[in-house]
Amino acid sequence: MATDPLRNLSGPGKPLKAEPPDAAETAGLLRTGRARLVDAGNATLSLESRFDLAYNAAHALCLAALRRQGFRPSQRYIVFQVLPHTLSLGPEVWRVLDKCHNTRNLGEYEGLLDIDERLVIGLIEATQRVDEALRANGL
């Protein structure tokens, strides 16, 4: 993967910080992300629970991809926006995840969790694409 764009986003006042990868951290992120992704597919759970599980799965998996490249985010959302550089995934994936990040923030900070089945399914599908890309990269 290309790290030059990631290096350009790192440094004082920028959204990334260079930090050596940690295999144990990456393994833990992959394990919890994949477990949450499976649980998000459980249709007996409430839509809100499925959204939370899928969102947190997406964040863990995207963070694993970024940490593998040797960077740590200073802002939560950046792990989604750098997917073209960490896993070669395009806007059809990261825009869904970014929208869900904004939805999550409205729910967490303002109590306005406006979700529906279509959004949750889109989130799960985008997260599955992240997981597939990680597996294709040997993770």
# chains A, B, ... in the order shown; residues from 1 in each chain; ligands from 1
$ residues_around --residues "A:Val130" --least-positions-apart "6" --cutoff "8 Å" --atoms "only C-alpha atoms" --output "PDB file with all heavy atoms, in the first residue's frame"
ATOM      1  N   ALA A  58     -16.562  -1.847  11.913  1.00  0.00           N
ATOM      2  CA  ALA A  58     -15.929  -1.087  10.836  1.00  0.00           C
ATOM      3  C   ALA A  58     -14.751  -0.281  11.366  1.00  0.00           C
ATOM      4  O   ALA A  58     -13.670  -0.271  10.765  1.00  0.00           O
ATOM      5  CB  ALA A  58     -16.947  -0.167  10.167  1.00  0.00           C
ATOM      6  N   LEU A  61     -11.755  -2.603  12.281  1.00  0.00           N
ATOM      7  CA  LEU A  61     -11.092  -3.166  11.105  1.00  0.00           C
ATOM      8  C   LEU A  61     -10.321  -2.089  10.340  1.00  0.00           C
ATOM      9  O   LEU A  61      -9.192  -2.332   9.881  1.00  0.00           O
ATOM     10  CB  LEU A  61     -12.109  -3.870  10.212  1.00  0.00           C
ATOM     11  CG  LEU A  61     -12.766  -5.108  10.830  1.00  0.00           C
ATOM     12  CD1 LEU A  61     -13.870  -5.643   9.911  1.00  0.00           C
ATOM     13  CD2 LEU A  61     -11.751  -6.190  11.155  1.00  0.00           C
ATOM     14  N   CYS A  62     -10.912  -0.915  10.207  1.00  0.00           N
ATOM     15  CA  CYS A  62     -10.214   0.179   9.511  1.00  0.00           C
ATOM     16  C   CYS A  62      -9.014   0.654  10.313  1.00  0.00           C
ATOM     17  O   CYS A  62      -7.970   0.998   9.739  1.00  0.00           O
ATOM     18  CB  CYS A  62     -11.176   1.328   9.241  1.00  0.00           C
ATOM     19  SG  CYS A  62     -12.454   0.934   8.031  1.00  0.00           S
ATOM     20  N   LEU A  87      -6.261   0.264   2.181  1.00  0.00           N
ATOM     21  CA  LEU A  87      -6.785  -0.979   1.607  1.00  0.00           C
ATOM     22  C   LEU A  87      -7.230  -0.848   0.156  1.00  0.00           C
ATOM     23  O   LEU A  87      -7.893  -1.736  -0.372  1.00  0.00           O
ATOM     24  CB  LEU A  87      -7.958  -1.490   2.453  1.00  0.00           C
ATOM     25  CG  LEU A  87      -7.612  -1.957   3.862  1.00  0.00           C
ATOM     26  CD1 LEU A  87      -8.883  -2.264   4.656  1.00  0.00           C
ATOM     27  CD2 LEU A  87      -6.697  -3.169   3.821  1.00  0.00           C
ATOM     28  N   LEU A  89      -9.577   0.843  -1.105  1.00  0.00           N
ATOM     29  CA  LEU A  89     -11.034   0.861  -1.225  1.00  0.00           C
ATOM     30  C   LEU A  89     -11.486   2.260  -1.593  1.00  0.00           C
ATOM     31  O   LEU A  89     -10.970   3.245  -1.073  1.00  0.00           O
ATOM     32  CB  LEU A  89     -11.688   0.406   0.084  1.00  0.00           C
ATOM     33  CG  LEU A  89     -11.462  -1.065   0.427  1.00  0.00           C
ATOM     34  CD1 LEU A  89     -11.973  -1.372   1.829  1.00  0.00           C
ATOM     35  CD2 LEU A  89     -12.136  -1.969  -0.590  1.00  0.00           C
ATOM     36  N   VAL A  93     -17.175   2.656  -0.528  1.00  0.00           N
ATOM     37  CA  VAL A  93     -17.056   2.066   0.807  1.00  0.00           C
ATOM     38  C   VAL A  93     -16.887   3.154   1.861  1.00  0.00           C
ATOM     39  O   VAL A  93     -17.648   3.237   2.819  1.00  0.00           O
ATOM     40  CB  VAL A  93     -15.881   1.058   0.874  1.00  0.00           C
ATOM     41  CG1 VAL A  93     -15.665   0.570   2.304  1.00  0.00           C
ATOM     42  CG2 VAL A  93     -16.141  -0.109  -0.060  1.00  0.00           C
TER      43      VAL A  93
END
$ residues_around --residues "A:Val96" --least-positions-apart "3" --cutoff "9 Å" --atoms "only C-alpha atoms" --output "JSON, numbers by chain"
{"A": [91, 92, 93, 99, 100, 101, 119, 122, 123, 126]}
$ closest_atom_pairs --of "stretch 40-67 of chain A" --to "stretch 11-28 of chain A" --cutoff "12 Å" --atoms "only C-alpha atoms" --output "CSV"
residue,atom,partner,partner_atom,distance
A:Ala57,CA,A:Gly28,CA,11.7
A:Ala60,CA,A:Gly28,CA,8.9
A:Leu61,CA,A:Thr26,CA,8.7
A:Cys62,CA,A:Thr26,CA,10.3
A:Leu63,CA,A:Thr26,CA,8.2
A:Ala64,CA,A:Thr26,CA,5.1
A:Ala65,CA,A:Thr26,CA,8.0
A:Leu66,CA,A:Pro21,CA,8.9
A:Arg67,CA,A:Pro21,CA,5.4
$ write_last_selection --atoms "all heavy atoms" --output "compact mmCIF listing (two decimals), in the first residue's frame"
# COMPACT_ATOMS: atom_id res chain seq x y z
N ALA A 57 -17.40 -2.51 14.50
CA ALA A 57 -16.64 -3.47 13.71
C ALA A 57 -15.87 -2.74 12.61
O ALA A 57 -14.68 -2.98 12.40
CB ALA A 57 -17.56 -4.52 13.10
N ALA A 60 -12.93 -0.77 14.10
CA ALA A 60 -11.83 -1.65 14.52
C ALA A 60 -11.05 -2.18 13.32
O ALA A 60 -9.81 -2.17 13.31
CB ALA A 60 -12.37 -2.80 15.36
N LEU A 61 -11.76 -2.60 12.28
CA LEU A 61 -11.09 -3.17 11.10
C LEU A 61 -10.32 -2.09 10.34
O LEU A 61 -9.19 -2.33 9.88
CB LEU A 61 -12.11 -3.87 10.21
CG LEU A 61 -12.77 -5.11 10.83
CD1 LEU A 61 -13.87 -5.64 9.91
CD2 LEU A 61 -11.75 -6.19 11.15
N CYS A 62 -10.91 -0.92 10.21
CA CYS A 62 -10.21 0.18 9.51
C CYS A 62 -9.01 0.65 10.31
O CYS A 62 -7.97 1.00 9.74
CB CYS A 62 -11.18 1.33 9.24
SG CYS A 62 -12.45 0.93 8.03
N LEU A 63 -9.14 0.68 11.63
CA LEU A 63 -8.01 1.05 12.49
C LEU A 63 -6.90 0.02 12.36
O LEU A 63 -5.72 0.38 12.31
CB LEU A 63 -8.47 1.20 13.94
CG LEU A 63 -7.39 1.59 14.95
CD1 LEU A 63 -6.68 2.88 14.58
CD2 LEU A 63 -8.02 1.70 16.35
N ALA A 64 -7.24 -1.25 12.29
CA ALA A 64 -6.23 -2.30 12.10
C ALA A 64 -5.45 -2.07 10.81
O ALA A 64 -4.22 -2.20 10.79
CB ALA A 64 -6.89 -3.68 12.09
N ALA A 65 -6.15 -1.69 9.75
CA ALA A 65 -5.49 -1.43 8.47
C ALA A 65 -4.53 -0.24 8.58
O ALA A 65 -3.41 -0.28 8.05
CB ALA A 65 -6.53 -1.18 7.38
N LEU A 66 -4.96 0.80 9.27
CA LEU A 66 -4.12 1.99 9.44
C LEU A 66 -2.92 1.69 10.35
O LEU A 66 -1.79 2.08 10.04
CB LEU A 66 -4.95 3.14 10.01
CG LEU A 66 -4.20 4.46 10.22
CD1 LEU A 66 -3.68 5.01 8.90
CD2 LEU A 66 -5.12 5.47 10.90
N ARG A 67 -3.16 1.00 11.44
CA ARG A 67 -2.06 0.66 12.37
C ARG A 67 -1.02 -0.22 11.68
O ARG A 67 0.16 -0.08 11.92
CB ARG A 67 -2.62 -0.02 13.63
CG ARG A 67 -3.41 0.90 14.52
CD ARG A 67 -2.54 2.00 15.14
NE ARG A 67 -1.56 1.38 16.02
CZ ARG A 67 -0.24 1.54 15.90
NH1 ARG A 67 0.28 2.33 14.96
NH2 ARG A 67 0.59 0.93 16.73
$ atom_distance --atom1 "atom CA of A:Leu97" --atom2 "atom CA of A:Gly41"
16.6 Å
$ closest_residue --among "A:Val79, A:Phe71, A:Ala40, A:Thr86" --to "A:Asn137" --atoms "only C-alpha atoms"
A:Thr86
$ select_by_dssp --residues "chain A" --states "helix (DSSP H, G or I)" --output "PyMOL selection string"
chain A and resi 4-8+23-40+47-68+78-81+83-86+91-110+117-136
$ residues_around --residues "stretch 42-51 of chain A" --least-positions-apart "6" --cutoff "10 Å" --atoms "only C-alpha atoms" --output "MDAnalysis selection string"
chainID A and resid 36 57 100 103:104 107 113:117 119:121 123:124
$ write_last_selection --atoms "all heavy atoms" --output "CSV table (one decimal), in the first residue's frame"
chain,number,residue,atom,x,y,z
A,36,ARG,N,-17.7,-8.6,16.1
A,36,ARG,CA,-18.8,-7.6,16.0
A,36,ARG,C,-19.5,-7.7,14.7
A,36,ARG,O,-20.8,-7.5,14.6
A,36,ARG,CB,-18.3,-6.2,16.3
A,36,ARG,CG,-18.0,-6.0,17.8
A,36,ARG,CD,-17.4,-4.6,18.0
A,36,ARG,NE,-17.2,-4.4,19.4
A,36,ARG,CZ,-16.2,-3.8,20.0
A,36,ARG,NH1,-15.2,-3.3,19.2
A,36,ARG,NH2,-16.1,-3.7,21.3
A,57,ALA,N,-17.4,-2.5,14.5
A,57,ALA,CA,-16.6,-3.5,13.7
A,57,ALA,C,-15.9,-2.7,12.6
A,57,ALA,O,-14.7,-3.0,12.4
A,57,ALA,CB,-17.6,-4.5,13.1
A,100,CYS,N,-22.1,6.9,8.3
A,100,CYS,CA,-22.5,6.2,9.5
A,100,CYS,C,-21.7,6.7,10.7
A,100,CYS,O,-22.3,6.8,11.8
A,100,CYS,CB,-22.2,4.7,9.4
A,100,CYS,SG,-23.4,3.9,8.2
A,103,THR,N,-23.8,9.7,11.6
A,103,THR,CA,-25.0,9.2,12.2
A,103,THR,C,-24.7,8.8,13.6
A,103,THR,O,-25.5,9.1,14.5
A,103,THR,CB,-25.6,8.1,11.4
A,103,THR,OG1,-25.9,8.5,10.0
A,103,THR,CG2,-26.9,7.5,12.0
A,104,ARG,N,-23.7,8.1,13.8
A,104,ARG,CA,-23.3,7.6,15.2
A,104,ARG,C,-23.1,8.8,16.1
A,104,ARG,O,-23.5,8.8,17.2
A,104,ARG,CB,-22.0,6.8,15.1
A,104,ARG,CG,-21.4,6.4,16.5
A,104,ARG,CD,-20.0,6.9,16.5
A,104,ARG,NE,-19.4,6.6,17.8
A,104,ARG,CZ,-18.6,7.4,18.4
A,104,ARG,NH1,-18.4,8.6,17.9
A,104,ARG,NH2,-18.1,7.1,19.5
A,107,GLY,N,-26.2,10.4,17.2
A,107,GLY,CA,-26.9,9.5,18.3
A,107,GLY,C,-26.1,9.6,19.6
A,107,GLY,O,-26.8,9.7,20.6
A,113,LEU,N,-30.4,9.3,16.9
A,113,LEU,CA,-29.9,8.2,16.1
A,113,LEU,C,-31.0,7.8,15.1
A,113,LEU,O,-32.0,7.2,15.4
A,113,LEU,CB,-29.7,7.0,17.0
A,113,LEU,CG,-29.0,5.8,16.3
A,113,LEU,CD1,-27.7,6.2,15.7
A,113,LEU,CD2,-28.8,4.6,17.3
A,114,ASP,N,-30.8,8.4,13.9
A,114,ASP,CA,-31.8,8.2,12.8
A,114,ASP,C,-31.3,7.1,11.8
A,114,ASP,O,-30.5,7.4,10.9
A,114,ASP,CB,-32.0,9.6,12.1
A,114,ASP,CG,-33.0,9.5,11.0
A,114,ASP,OD1,-33.9,8.6,11.0
A,114,ASP,OD2,-33.0,10.3,10.1
A,115,ILE,N,-31.7,5.9,12.1
A,115,ILE,CA,-31.2,4.8,11.3
A,115,ILE,C,-32.4,4.0,10.8
A,115,ILE,O,-33.5,4.1,11.3
A,115,ILE,CB,-30.3,3.8,12.1
A,115,ILE,CG1,-31.0,3.3,13.3
A,115,ILE,CG2,-29.0,4.5,12.4
A,115,ILE,CD1,-30.2,2.2,14.0
A,116,ASP,N,-32.2,3.2,9.7
A,116,ASP,CA,-33.2,2.3,9.2
A,116,ASP,C,-32.5,1.1,8.7
A,116,ASP,O,-31.3,1.0,8.7
A,116,ASP,CB,-34.1,3.0,8.1
A,116,ASP,CG,-33.2,3.5,6.9
A,116,ASP,OD1,-32.1,3.0,6.7
A,116,ASP,OD2,-33.7,4.4,6.2
A,117,GLU,N,-33.3,0.1,8.3
A,117,GLU,CA,-32.7,-1.2,7.9
A,117,GLU,C,-31.8,-1.0,6.7
A,117,GLU,O,-30.7,-1.7,6.7
A,117,GLU,CB,-33.9,-2.1,7.5
A,117,GLU,CG,-33.4,-3.5,7.1
A,117,GLU,CD,-33.2,-4.4,8.3
A,117,GLU,OE1,-33.7,-4.1,9.4
A,117,GLU,OE2,-32.4,-5.4,8.2
A,119,LEU,N,-29.8,1.5,5.9
A,119,LEU,CA,-28.5,2.0,6.4
A,119,LEU,C,-27.7,1.0,7.1
A,119,LEU,O,-26.5,0.8,6.8
A,119,LEU,CB,-28.7,3.2,7.3
A,119,LEU,CG,-27.5,3.9,7.9
A,119,LEU,CD1,-26.7,4.5,6.7
A,119,LEU,CD2,-27.8,4.9,8.9
A,120,VAL,N,-28.3,0.2,7.9
A,120,VAL,CA,-27.6,-0.9,8.6
A,120,VAL,C,-27.1,-1.9,7.7
A,120,VAL,O,-25.9,-2.4,7.8
A,120,VAL,CB,-28.5,-1.5,9.8
A,120,VAL,CG1,-27.8,-2.7,10.4
A,120,VAL,CG2,-28.8,-0.5,10.8
A,121,ILE,N,-27.9,-2.3,6.7
A,121,ILE,CA,-27.4,-3.3,5.7
A,121,ILE,C,-26.3,-2.7,4.9
A,121,ILE,O,-25.3,-3.4,4.7
A,121,ILE,CB,-28.6,-3.7,4.8
A,121,ILE,CG1,-29.6,-4.6,5.6
A,121,ILE,CG2,-28.1,-4.4,3.5
A,121,ILE,CD1,-30.9,-4.9,4.9
A,123,LEU,N,-24.1,-0.5,5.9
A,123,LEU,CA,-23.0,-0.4,6.8
A,123,LEU,C,-22.3,-1.8,6.9
A,123,LEU,O,-21.1,-2.0,6.9
A,123,LEU,CB,-23.4,0.1,8.2
A,123,LEU,CG,-22.4,0.0,9.3
A,123,LEU,CD1,-21.1,0.8,9.0
A,123,LEU,CD2,-23.1,0.6,10.6
A,124,ILE,N,-23.2,-2.8,7.1
A,124,ILE,CA,-22.6,-4.2,7.2
A,124,ILE,C,-21.9,-4.6,5.9
A,124,ILE,O,-20.8,-5.2,5.9
A,124,ILE,CB,-23.8,-5.2,7.6
A,124,ILE,CG1,-24.2,-5.0,9.0
A,124,ILE,CG2,-23.3,-6.6,7.3
A,124,ILE,CD1,-25.5,-5.7,9.4
$ atom_distance --atom1 "atom CA of A:Asn105" --atom2 "atom CA of A:Ser74"
16.3 Å
$ closest_residue --among "A:Arg135, A:Arg95, A:His85, A:Arg129" --to "A:Arg7" --atoms "only C-alpha atoms"
A:His85
$ closest_residue --among "A:Ser88, A:Leu53, A:Val82, A:Leu134" --to "A:Asn8" --atoms "only C-alpha atoms"
A:Val82
$ closest_residue --among "A:Glu108, A:Ser10, A:Ile78, A:His59" --to "A:Arg34" --atoms "only C-alpha atoms"
A:His59
